[in-house]
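For reference, structure-v3.txt is printed below; it contains compact mmCIF, C-alpha atoms and all ligand atoms.
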# COMPACT_ATOMS: atom_id res chain seq x y z
CA MET M 163 40.00 24.43 22.54
CA PRO M 164 40.23 22.14 19.49
CA SER M 165 39.14 23.72 16.23
CA PHE M 166 36.21 22.47 14.20
CA ASP M 167 35.42 22.99 10.54
CA ILE M 168 31.91 23.08 9.15
CA VAL M 169 31.35 21.72 5.65
CA THR M 170 28.27 20.85 3.65
CA THR M 171 27.67 17.12 3.80
CA ALA M 172 27.37 17.02 -0.02
CA SER M 173 30.85 18.51 -0.47
CA ARG M 174 32.48 15.64 1.44
CA PRO M 175 31.15 12.30 0.05
CA ASP M 176 34.36 10.75 1.40
CA LEU M 177 32.95 11.21 4.92
CA HIS M 178 29.68 9.41 4.17
CA VAL M 179 30.55 6.05 5.74
CA GLN M 180 31.99 7.72 8.83
CA PHE M 181 28.86 9.89 9.02
CA GLU M 182 26.54 6.86 8.88
CA THR M 183 28.60 5.01 11.50
CA ALA M 184 28.63 8.01 13.82
CA PHE M 185 24.95 8.92 13.60
CA ARG M 186 22.79 5.95 12.59
CA GLY M 187 22.73 4.79 16.22
CA SER M 188 21.72 8.23 17.48
CA TRP M 189 18.05 7.48 16.77
CA PRO M 190 15.91 4.35 17.21
CA GLU M 191 15.78 2.17 14.11
CA PHE M 192 12.02 2.71 13.57
CA ILE M 193 12.61 6.44 12.92
CA PHE M 194 14.28 5.50 9.63
CA HIS M 195 11.07 3.85 8.39
CA ASP M 196 8.84 6.90 8.01
CA ALA M 197 7.44 6.53 4.47
CA ILE M 198 7.19 10.30 3.83
CA ALA M 199 10.71 11.00 5.03
CA HIS M 200 11.97 8.10 2.94
CA GLN M 201 10.21 9.46 -0.14
CA PHE M 202 11.94 12.84 0.18
CA THR M 203 15.44 11.83 1.31
CA LEU M 204 17.24 12.13 -2.02
CA ALA M 205 15.37 15.26 -3.12
CA VAL M 206 16.19 16.94 0.20
CA GLN M 207 19.88 16.11 -0.15
CA GLU M 208 19.93 17.57 -3.66
CA THR M 209 17.71 20.59 -3.09
CA PHE M 210 18.76 21.75 0.36
CA ALA M 211 22.46 20.79 0.38
CA ARG M 212 23.38 24.22 1.74
CA TYR M 213 21.39 23.42 4.89
CA ASP M 214 22.93 20.00 5.46
CA VAL M 215 26.13 20.48 7.41
CA THR M 216 28.76 18.27 8.97
CA VAL M 217 31.20 19.37 11.66
CA VAL M 218 34.65 17.84 11.35
CA GLN M 219 37.68 17.90 13.56
CA GLY M 220 40.60 17.03 11.35
CA GLU M 221 39.27 14.05 9.43
CA HIS M 222 36.77 13.01 12.12
CA VAL M 223 33.03 13.58 11.78
CA VAL M 224 31.90 14.96 15.14
CA ALA M 225 28.46 16.50 14.55
CA GLY M 226 25.89 17.33 11.91
CA GLY M 227 22.48 18.78 11.23
CA TRP M 228 20.12 19.63 8.42
CA GLY M 229 17.12 21.70 7.55
CA ILE M 230 14.77 22.63 4.71
CA VAL M 231 13.14 25.86 3.63
CA LEU M 232 9.41 26.28 3.28
CA ALA M 233 6.73 28.92 3.21
CA TRP M 234 5.13 30.01 6.48
CA ASP M 235 3.20 33.13 7.46
CA GLY M 236 4.53 33.27 11.04
CA THR M 237 1.27 32.15 12.71
CA THR M 238 0.95 29.01 14.85
CA GLN M 239 -2.30 28.32 13.05
CA HIS M 240 -0.46 27.80 9.76
CA LEU M 241 2.58 25.88 11.03
CA PRO M 242 3.17 22.62 9.18
CA GLY M 243 1.59 19.66 11.01
CA GLY M 244 5.07 18.42 11.90
CA TYR M 245 8.17 16.80 10.43
CA ASP M 246 6.42 14.94 7.58
CA ASP M 247 4.23 17.88 6.68
CA ALA M 248 7.23 20.24 6.71
CA LEU M 249 8.93 18.01 4.13
CA MET M 250 5.88 18.06 1.90
CA ARG M 251 5.43 21.79 2.32
CA ALA M 252 9.08 22.49 1.46
CA PHE M 253 8.60 21.05 -2.02
CA SER M 254 5.20 22.64 -2.62
CA SER M 255 6.68 25.99 -1.45
CA LEU M 256 9.50 25.61 -3.98
CA GLU M 257 6.95 25.18 -6.73
CA ALA M 258 5.12 28.27 -5.49
CA GLY M 259 8.46 30.11 -5.30
CA ALA M 260 7.95 31.57 -1.85
CA PRO M 261 10.04 29.79 0.79
CA ASN M 262 10.83 32.16 3.68
CA THR M 263 11.38 29.83 6.66
CA LEU M 264 14.16 27.45 7.64
CA SER M 265 12.90 24.37 9.47
CA VAL M 266 15.76 22.62 11.26
CA MET M 267 14.89 18.94 10.99
CA ALA M 268 17.62 17.15 12.96
CA ALA M 269 20.98 17.50 14.64
CA ALA M 270 23.29 14.96 16.20
CA VAL M 271 26.63 14.89 17.93
CA HIS M 272 28.98 11.89 17.85
CA PRO M 273 28.62 10.16 21.27
CA GLU M 274 32.29 10.77 22.08
CA TYR M 275 31.97 14.50 21.43
CA ARG M 276 28.79 15.28 23.38
CA SER M 277 28.46 17.92 26.12
CA GLN M 278 30.92 20.27 24.44
CA GLY M 279 28.32 22.56 22.90
CA LEU M 280 28.65 21.11 19.38
CA SER M 281 24.90 20.92 18.79
CA SER M 282 24.76 24.69 19.44
CA LEU M 283 27.45 25.15 16.82
CA VAL M 284 25.33 23.22 14.31
CA LEU M 285 22.12 25.10 15.13
CA GLU M 286 23.86 28.48 15.01
CA GLU M 287 25.48 27.64 11.67
CA LEU M 288 22.15 26.65 10.12
CA LYS M 289 20.57 29.82 11.49
CA ARG M 290 23.44 31.98 10.18
CA ARG M 291 23.10 30.47 6.71
CA ALA M 292 19.36 31.14 6.70
CA LEU M 293 19.74 34.75 7.78
CA ASP M 294 22.50 35.27 5.16
CA ASP M 295 20.02 33.99 2.57
CA GLY M 296 17.35 36.48 3.64
CA ILE M 297 15.16 33.86 5.35
CA SER M 298 12.63 35.44 7.74
CA PHE M 299 11.88 32.66 10.23
CA VAL M 300 13.79 29.73 11.76
CA ILE M 301 11.69 26.96 13.33
CA ALA M 302 12.17 23.32 14.33
CA PRO M 303 9.90 20.32 15.04
CA VAL M 304 11.97 19.42 18.09
CA ARG M 305 12.29 15.78 19.22
CA PRO M 306 12.84 16.18 22.99
CA THR M 307 15.48 13.70 24.10
CA LEU M 308 13.87 12.99 27.50
CA LYS M 309 10.30 12.51 26.23
CA CYS M 310 10.89 8.76 25.64
CA ARG M 311 10.96 8.35 29.42
CA TYR M 312 7.37 9.64 29.57
CA PRO M 313 5.56 7.96 26.64
CA LEU M 314 2.18 8.17 28.42
CA THR M 315 2.35 11.94 28.85
CA PRO M 316 0.85 14.15 26.14
CA MET M 317 3.40 16.49 24.52
CA SER M 318 1.21 19.45 25.54
CA ASP M 319 1.87 18.56 29.22
CA PHE M 320 5.54 17.64 28.75
CA ALA M 321 6.14 20.97 27.00
CA GLN M 322 5.29 22.74 30.26
CA TRP M 323 7.48 20.71 32.64
CA ARG M 324 10.13 22.95 34.20
CA ARG M 325 12.73 22.52 36.94
CA ALA M 326 12.81 24.62 40.09
CA ASP M 327 15.27 26.98 38.36
CA GLY M 328 12.73 27.66 35.62
CA GLN M 329 14.64 25.81 32.92
CA HIS M 330 12.96 23.06 30.95
CA ILE M 331 13.43 19.52 32.25
CA ASP M 332 14.34 18.32 28.76
CA PRO M 333 18.01 18.92 27.80
CA TRP M 334 17.28 19.36 24.09
CA ILE M 335 14.40 21.83 24.61
CA ARG M 336 16.60 23.56 27.19
CA LEU M 337 19.41 23.91 24.68
CA HIS M 338 17.08 25.41 22.05
CA GLU M 339 15.75 27.85 24.67
CA ARG M 340 19.29 28.80 25.67
CA LEU M 341 19.90 29.76 22.05
CA GLY M 342 16.86 32.02 22.18
CA ALA M 343 14.11 29.73 20.88
CA VAL M 344 10.56 29.75 22.23
CA ILE M 345 8.01 26.97 22.36
CA LEU M 346 5.19 27.41 19.84
CA GLN M 347 2.98 24.32 20.08
CA PRO M 348 3.04 20.53 19.98
CA ALA M 349 3.17 18.79 16.62
CA ASN M 350 1.09 15.83 17.73
CA ALA M 351 1.36 13.85 14.49
CA SER M 352 4.80 14.92 13.38
CA MET M 353 5.86 11.56 11.91
CA VAL M 354 3.77 8.50 11.14
CA ILE M 355 5.57 5.16 11.00
CA THR M 356 3.74 2.02 9.96
CA GLY M 357 4.88 -1.54 9.42
CA SER M 358 3.95 -5.20 9.73
CA VAL M 359 4.22 -6.87 13.15
CA ALA M 360 7.43 -8.61 11.99
CA GLU M 361 8.90 -5.27 10.91
CA TRP M 362 8.10 -3.69 14.26
CA GLU M 363 9.64 -6.68 16.02
CA SER M 364 12.85 -6.34 14.00
CA TRP M 365 13.02 -2.52 14.42
CA THR M 366 12.54 -2.69 18.19
CA GLY M 367 14.07 -6.03 19.19
CA MET M 368 10.80 -6.79 21.02
CA LEU M 369 8.06 -9.40 20.53
CA PHE M 370 4.45 -8.27 20.23
CA PRO M 371 2.36 -11.40 20.95
CA GLN M 372 -0.77 -9.36 21.66
CA SER M 373 -2.59 -6.47 20.00
CA GLY M 374 -2.77 -3.13 21.77
CA PRO M 375 -0.61 -0.15 22.69
CA HIS M 376 2.98 -0.90 23.72
CA VAL M 377 5.78 1.05 25.39
CA VAL M 378 8.83 0.86 23.12
CA PRO M 379 12.34 2.07 24.00
CA ASP M 380 13.13 5.53 22.56
CA ALA M 381 9.58 6.06 21.29
CA LEU M 382 7.96 9.31 22.49
CA ASP M 383 4.48 7.76 22.45
CA LEU M 384 2.99 4.27 22.30
CA VAL M 385 3.27 1.89 19.37
CA VAL M 386 -0.13 0.36 18.58
CA ILE M 387 -0.02 -3.22 17.34
CA ASP M 388 -2.91 -4.87 15.49
CA ARG M 389 -2.04 -8.55 15.05
CA GLU M 390 -5.27 -9.41 13.22
CA ASN M 391 -4.37 -7.01 10.41
CA ASP M 392 -0.60 -7.57 10.77
CA HIS M 393 -0.08 -3.87 11.30
CA GLY M 394 1.67 -1.57 13.74
CA VAL M 395 1.56 2.21 13.85
CA TYR M 396 3.50 4.84 15.75
CA ILE M 397 2.57 8.51 15.62
CA GLU M 398 5.45 10.60 16.89
CA PRO M 399 4.74 13.86 18.69
CA ASN M 400 7.31 16.65 18.39
CA LEU M 401 7.33 20.23 19.64
CA TRP M 402 7.43 23.24 17.34
CA MET M 403 9.93 25.82 18.52
CA ARG M 404 10.88 29.12 16.92
CA HIS M 405 14.39 30.65 16.92
CA VAL M 406 13.79 33.69 14.71
C1 LIG C 501 20.80 16.01 21.54
C2 LIG C 501 22.28 16.15 21.23
C3 LIG C 501 22.43 16.66 19.81
C4 LIG C 501 22.88 17.14 22.23
O1 LIG C 501 24.14 17.46 21.77
P1 LIG C 501 25.33 18.10 22.67
O2 LIG C 501 26.15 18.97 21.82
O3 LIG C 501 25.99 17.02 23.41
O4 LIG C 501 24.56 19.06 23.65
P2 LIG C 501 25.27 19.99 24.72
O5 LIG C 501 26.63 19.53 25.03
O6 LIG C 501 25.18 21.40 24.31
O7 LIG C 501 24.33 19.70 25.95
C5 LIG C 501 23.04 20.20 26.07
C6 LIG C 501 22.41 19.64 27.30
O8 LIG C 501 22.10 18.28 27.07
C7 LIG C 501 22.80 17.45 28.00
N1 LIG C 501 23.20 16.28 27.26
C8 LIG C 501 24.10 16.19 26.26
N2 LIG C 501 24.15 14.93 25.82
C9 LIG C 501 23.27 14.22 26.56
C10 LIG C 501 22.87 12.86 26.59
N3 LIG C 501 23.38 11.97 25.73
N4 LIG C 501 21.94 12.47 27.48
C11 LIG C 501 21.39 13.35 28.33
N5 LIG C 501 21.73 14.66 28.36
C12 LIG C 501 22.66 15.07 27.48
C13 LIG C 501 23.96 18.29 28.48
O9 LIG C 501 24.37 17.90 29.77
C14 LIG C 501 23.34 19.66 28.50
O10 LIG C 501 22.54 19.81 29.65
P3 LIG C 501 22.56 21.15 30.50
O11 LIG C 501 21.46 21.98 29.91
O12 LIG C 501 22.25 20.70 31.87
O13 LIG C 501 23.90 21.79 30.35
C15 LIG C 501 23.01 14.80 21.38
O14 LIG C 501 22.73 14.26 22.65
C16 LIG C 501 22.64 13.78 20.31
O15 LIG C 501 23.26 13.72 19.27
N6 LIG C 501 21.59 12.95 20.57
C17 LIG C 501 21.13 11.96 19.59
C18 LIG C 501 20.37 12.60 18.43
C19 LIG C 501 19.21 13.43 18.91
O16 LIG C 501 18.42 13.03 19.75
N7 LIG C 501 19.11 14.66 18.35
C20 LIG C 501 18.05 15.59 18.74
C21 LIG C 501 16.77 15.32 18.08
S1 LIG C 501 16.86 15.59 16.33
Please rewrite the model in this file as structure tokens.
Ligand SMILES: CC(C)(COP(=O)(O)OP(=O)(O)OC[C@H]1O[C@@H](n2cnc3c(N)ncnc32)[C@H](O)[C@@H]1OP(=O)(O)O)[C@@H](O)C(=O)NCCC(=O)NCCS
Amino acid sequence: MPSFDIVTTASRPDLHVQFETAFRGSWPEFIFHDAIAHQFTLAVQETFARYDVTVVQGEHVVAGGWGIVLAWDGTTQHLPGGYDDALMRAFSSLEAGAPNTLSVMAAAVHPEYRSQGLSSLVLEELKRRALDDGISFVIAPVRPTLKCRYPLTPMSDFAQWRRADGQHIDPWIRLHERLGAVILQPANASMVITGSVAEWESWTGMLFPQSGPHVVPDALDLVVIDRENDHGVYIEPNLWMRHV
């Protein structure tokens, strides 16, 4: 079994280019155009560096993941609305001085290193760091990897789809469950991504000659194009899960 080291991403700026090359293609381009996420990127890197980890094998970047800490009272009623809201809450919680919850925001494994359990290593490391820091809860607005095949299905239905063996049909939800996580509730407006028609065409490699909802590769829901107002919007649903 090859050995892996886990470092904070901030401690290894020399790996940055390799990191970008390895992971940028792990998500659809439009995901990188969420205005709220964009607004907080630098602040997150500075404030939550301890929860931004990279897994290396020798000098090769093989996996990574990051999270933020925020205040939550443990009830589904008071969960953040989703990914964007978690980012906003993390910074308002800091001001209030009461963060008690790690929200794992993303994880990725280099395509050549998948199916070796490396995402579990990342999730367990983030969880371990949180528990060491006295954090009470660990949650995640999970982006199910198979949901893009069912963009017409509400997340509330998809969340319940199980195989005959009882395991979830989605590999990423399944992996979280295998690590002990439970499904809390859908985050129906987790991320909101807006752009002009030309921007959506460049992000997706598609043409949108007509207004209306469109199926877009790797989107978990429909992208709604409004040509008259030169506007397109995508509201990404995620699924809140709780590890601790
Ligand atoms: C999701 C991801 C992190 C899984 O990482 P991983 O370490 O390869 O996961 P594992 O090896 O532990 O595999 C977990 C399950 O997913 C399956 N799996 C792994 N990679 C897969 C892929 N590319 N496509 C479909 N299934 C995949 C495995 O077969 C396994 O299924 P099982 O439950 O039947 O055993 C990885 O595929 C990835 O980086 N995807 C792109 C980024 C992403 O979508 N991240 C999650 C949302 S933030």
- Item | Nearby polymer residues, ligand LIG 501 (chain C), at most 6 Å, all atoms listed in the file, as a list in words | Ser188, Trp189, Ala268, Ala269, Ala270, Val271, Arg276, Ser277, Gln278, Gly279, Leu280, Ser281, Ser282, Arg305, Thr307, Pro333, Trp334, Arg336 and Leu337 of chain M
Out of M:Gly220, M:Pro313, M:Pro348, M:Pro306, which residue has the shortest atom-to-atom distance to Pro379 of chain M when counting all atoms listed in the file?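 Of all the options, M:Pro313 lies closest to Pro379 of chain M.
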How far is it from atom CA of Asp246 of chain M to atom CA of Val354 of chain M, in Å with one decimal?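 Taking atom CA of Asp246 of chain M and atom CA of Val354 of chain M, their separation equals 7.8 Å.
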Box dimensions and centre (Å, one decimal) enclosing segment 205-216 of chain M, axis-aligned, 3 Å extra per side, as JSON:
{"center_x": 22.1, "center_y": 19.7, "center_z": 2.7, "size_x": 19.4, "size_y": 15.0, "size_z": 18.6}
Margin query: Give me the residues near Glu274 of chain M as a PyMOL selection string, where near means some atom within 12 Å (using only C-alpha atoms) and where sequence neighbours in that chain fewer than 5 positions away do not count.
Written below: chain M and resi 184-185+188+222-225+280
Rebuild all heavy atoms on segment 329-340 of chain M, as a PDB file, in the coordinates of the input?
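Saved file out_15.pdb follows:
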ATOM      1  N   GLN M 329      14.237  26.368  34.218  1.00  0.00           N
ATOM      2  CA  GLN M 329      14.640  25.810  32.920  1.00  0.00           C
ATOM      3  C   GLN M 329      13.841  24.538  32.620  1.00  0.00           C
ATOM      4  O   GLN M 329      13.353  23.866  33.534  1.00  0.00           O
ATOM      5  CB  GLN M 329      16.132  25.470  32.950  1.00  0.00           C
ATOM      6  CG  GLN M 329      16.994  26.704  33.091  1.00  0.00           C
ATOM      7  CD  GLN M 329      18.401  26.433  32.572  1.00  0.00           C
ATOM      8  OE1 GLN M 329      18.602  25.998  31.453  1.00  0.00           O
ATOM      9  NE2 GLN M 329      19.381  26.678  33.415  1.00  0.00           N
ATOM     10  N   HIS M 330      13.736  24.229  31.340  1.00  0.00           N
ATOM     11  CA  HIS M 330      12.960  23.060  30.950  1.00  0.00           C
ATOM     12  C   HIS M 330      13.623  21.791  31.464  1.00  0.00           C
ATOM     13  O   HIS M 330      14.846  21.728  31.561  1.00  0.00           O
ATOM     14  CB  HIS M 330      12.803  23.003  29.424  1.00  0.00           C
ATOM     15  CG  HIS M 330      11.573  22.257  29.032  1.00  0.00           C
ATOM     16  ND1 HIS M 330      11.510  20.874  28.992  1.00  0.00           N
ATOM     17  CD2 HIS M 330      10.343  22.687  28.723  1.00  0.00           C
ATOM     18  CE1 HIS M 330      10.291  20.500  28.656  1.00  0.00           C
ATOM     19  NE2 HIS M 330       9.552  21.574  28.481  1.00  0.00           N
ATOM     20  N   ILE M 331      12.823  20.767  31.770  1.00  0.00           N
ATOM     21  CA  ILE M 331      13.430  19.520  32.250  1.00  0.00           C
ATOM     22  C   ILE M 331      14.139  18.775  31.124  1.00  0.00           C
ATOM     23  O   ILE M 331      15.000  17.945  31.370  1.00  0.00           O
ATOM     24  CB  ILE M 331      12.408  18.551  32.905  1.00  0.00           C
ATOM     25  CG1 ILE M 331      11.426  17.988  31.871  1.00  0.00           C
ATOM     26  CG2 ILE M 331      11.651  19.195  34.048  1.00  0.00           C
ATOM     27  CD1 ILE M 331      10.912  16.618  32.293  1.00  0.00           C
ATOM     28  N   ASP M 332      13.761  19.065  29.889  1.00  0.00           N
ATOM     29  CA  ASP M 332      14.340  18.320  28.760  1.00  0.00           C
ATOM     30  C   ASP M 332      15.613  19.016  28.254  1.00  0.00           C
ATOM     31  O   ASP M 332      15.584  20.209  27.909  1.00  0.00           O
ATOM     32  CB  ASP M 332      13.311  18.248  27.626  1.00  0.00           C
ATOM     33  CG  ASP M 332      13.817  17.385  26.489  1.00  0.00           C
ATOM     34  OD1 ASP M 332      13.583  16.172  26.538  1.00  0.00           O
ATOM     35  OD2 ASP M 332      14.492  17.923  25.578  1.00  0.00           O
ATOM     36  N   PRO M 333      16.745  18.272  28.188  1.00  0.00           N
ATOM     37  CA  PRO M 333      18.010  18.920  27.800  1.00  0.00           C
ATOM     38  C   PRO M 333      18.001  19.515  26.396  1.00  0.00           C
ATOM     39  O   PRO M 333      18.635  20.532  26.151  1.00  0.00           O
ATOM     40  CB  PRO M 333      19.049  17.802  27.886  1.00  0.00           C
ATOM     41  CG  PRO M 333      18.361  16.576  28.287  1.00  0.00           C
ATOM     42  CD  PRO M 333      16.914  16.861  28.544  1.00  0.00           C
ATOM     43  N   TRP M 334      17.263  18.886  25.484  1.00  0.00           N
ATOM     44  CA  TRP M 334      17.280  19.360  24.090  1.00  0.00           C
ATOM     45  C   TRP M 334      16.390  20.610  23.938  1.00  0.00           C
ATOM     46  O   TRP M 334      16.775  21.574  23.287  1.00  0.00           O
ATOM     47  CB  TRP M 334      16.854  18.224  23.169  1.00  0.00           C
ATOM     48  CG  TRP M 334      17.057  18.425  21.698  1.00  0.00           C
ATOM     49  CD1 TRP M 334      16.153  18.129  20.721  1.00  0.00           C
ATOM     50  CD2 TRP M 334      18.213  18.935  21.006  1.00  0.00           C
ATOM     51  NE1 TRP M 334      16.672  18.415  19.489  1.00  0.00           N
ATOM     52  CE2 TRP M 334      17.933  18.909  19.630  1.00  0.00           C
ATOM     53  CE3 TRP M 334      19.441  19.428  21.421  1.00  0.00           C
ATOM     54  CZ2 TRP M 334      18.848  19.352  18.662  1.00  0.00           C
ATOM     55  CZ3 TRP M 334      20.355  19.864  20.464  1.00  0.00           C
ATOM     56  CH2 TRP M 334      20.054  19.829  19.108  1.00  0.00           C
ATOM     57  N   ILE M 335      15.233  20.617  24.598  1.00  0.00           N
ATOM     58  CA  ILE M 335      14.400  21.830  24.610  1.00  0.00           C
ATOM     59  C   ILE M 335      15.170  22.952  25.312  1.00  0.00           C
ATOM     60  O   ILE M 335      15.193  24.105  24.860  1.00  0.00           O
ATOM     61  CB  ILE M 335      13.054  21.579  25.337  1.00  0.00           C
ATOM     62  CG1 ILE M 335      12.216  20.551  24.573  1.00  0.00           C
ATOM     63  CG2 ILE M 335      12.277  22.887  25.512  1.00  0.00           C
ATOM     64  CD1 ILE M 335      10.913  20.178  25.254  1.00  0.00           C
ATOM     65  N   ARG M 336      15.828  22.583  26.407  1.00  0.00           N
ATOM     66  CA  ARG M 336      16.600  23.560  27.190  1.00  0.00           C
ATOM     67  C   ARG M 336      17.683  24.213  26.316  1.00  0.00           C
ATOM     68  O   ARG M 336      17.880  25.408  26.339  1.00  0.00           O
ATOM     69  CB  ARG M 336      17.255  22.808  28.360  1.00  0.00           C
ATOM     70  CG  ARG M 336      17.718  23.654  29.489  1.00  0.00           C
ATOM     71  CD  ARG M 336      17.792  22.857  30.763  1.00  0.00           C
ATOM     72  NE  ARG M 336      18.818  21.817  30.770  1.00  0.00           N
ATOM     73  CZ  ARG M 336      18.607  20.548  31.111  1.00  0.00           C
ATOM     74  NH1 ARG M 336      17.413  20.149  31.483  1.00  0.00           N
ATOM     75  NH2 ARG M 336      19.590  19.676  31.109  1.00  0.00           N
ATOM     76  N   LEU M 337      18.334  23.382  25.539  1.00  0.00           N
ATOM     77  CA  LEU M 337      19.410  23.910  24.680  1.00  0.00           C
ATOM     78  C   LEU M 337      18.827  24.873  23.637  1.00  0.00           C
ATOM     79  O   LEU M 337      19.367  25.955  23.410  1.00  0.00           O
ATOM     80  CB  LEU M 337      20.140  22.757  24.007  1.00  0.00           C
ATOM     81  CG  LEU M 337      21.374  23.208  23.227  1.00  0.00           C
ATOM     82  CD1 LEU M 337      22.528  22.261  23.501  1.00  0.00           C
ATOM     83  CD2 LEU M 337      21.101  23.287  21.748  1.00  0.00           C
ATOM     84  N   HIS M 338      17.716  24.498  23.018  1.00  0.00           N
ATOM     85  CA  HIS M 338      17.080  25.410  22.050  1.00  0.00           C
ATOM     86  C   HIS M 338      16.703  26.722  22.749  1.00  0.00           C
ATOM     87  O   HIS M 338      16.903  27.806  22.200  1.00  0.00           O
ATOM     88  CB  HIS M 338      15.833  24.772  21.446  1.00  0.00           C
ATOM     89  CG  HIS M 338      16.124  23.769  20.351  1.00  0.00           C
ATOM     90  ND1 HIS M 338      16.213  24.116  19.031  1.00  0.00           N
ATOM     91  CD2 HIS M 338      16.360  22.445  20.396  1.00  0.00           C
ATOM     92  CE1 HIS M 338      16.477  23.041  18.295  1.00  0.00           C
ATOM     93  NE2 HIS M 338      16.576  22.010  19.109  1.00  0.00           N
ATOM     94  N   GLU M 339      16.150  26.610  23.950  1.00  0.00           N
ATOM     95  CA  GLU M 339      15.750  27.850  24.670  1.00  0.00           C
ATOM     96  C   GLU M 339      16.965  28.702  24.988  1.00  0.00           C
ATOM     97  O   GLU M 339      16.913  29.923  24.903  1.00  0.00           O
ATOM     98  CB  GLU M 339      14.985  27.488  25.946  1.00  0.00           C
ATOM     99  CG  GLU M 339      13.585  26.986  25.649  1.00  0.00           C
ATOM    100  CD  GLU M 339      12.704  26.856  26.882  1.00  0.00           C
ATOM    101  OE1 GLU M 339      13.252  26.649  27.991  1.00  0.00           O
ATOM    102  OE2 GLU M 339      11.469  26.950  26.739  1.00  0.00           O
ATOM    103  N   ARG M 340      18.070  28.048  25.354  1.00  0.00           N
ATOM    104  CA  ARG M 340      19.290  28.800  25.670  1.00  0.00           C
ATOM    105  C   ARG M 340      19.800  29.580  24.463  1.00  0.00           C
ATOM    106  O   ARG M 340      20.431  30.613  24.593  1.00  0.00           O
ATOM    107  CB  ARG M 340      20.371  27.849  26.161  1.00  0.00           C
ATOM    108  CG  ARG M 340      20.893  28.232  27.525  1.00  0.00           C
ATOM    109  CD  ARG M 340      21.993  27.286  27.928  1.00  0.00           C
ATOM    110  NE  ARG M 340      21.506  26.363  28.926  1.00  0.00           N
ATOM    111  CZ  ARG M 340      21.888  25.102  29.041  1.00  0.00           C
ATOM    112  NH1 ARG M 340      22.750  24.574  28.206  1.00  0.00           N
ATOM    113  NH2 ARG M 340      21.417  24.360  29.999  1.00  0.00           N
TER     114      ARG M 340
END
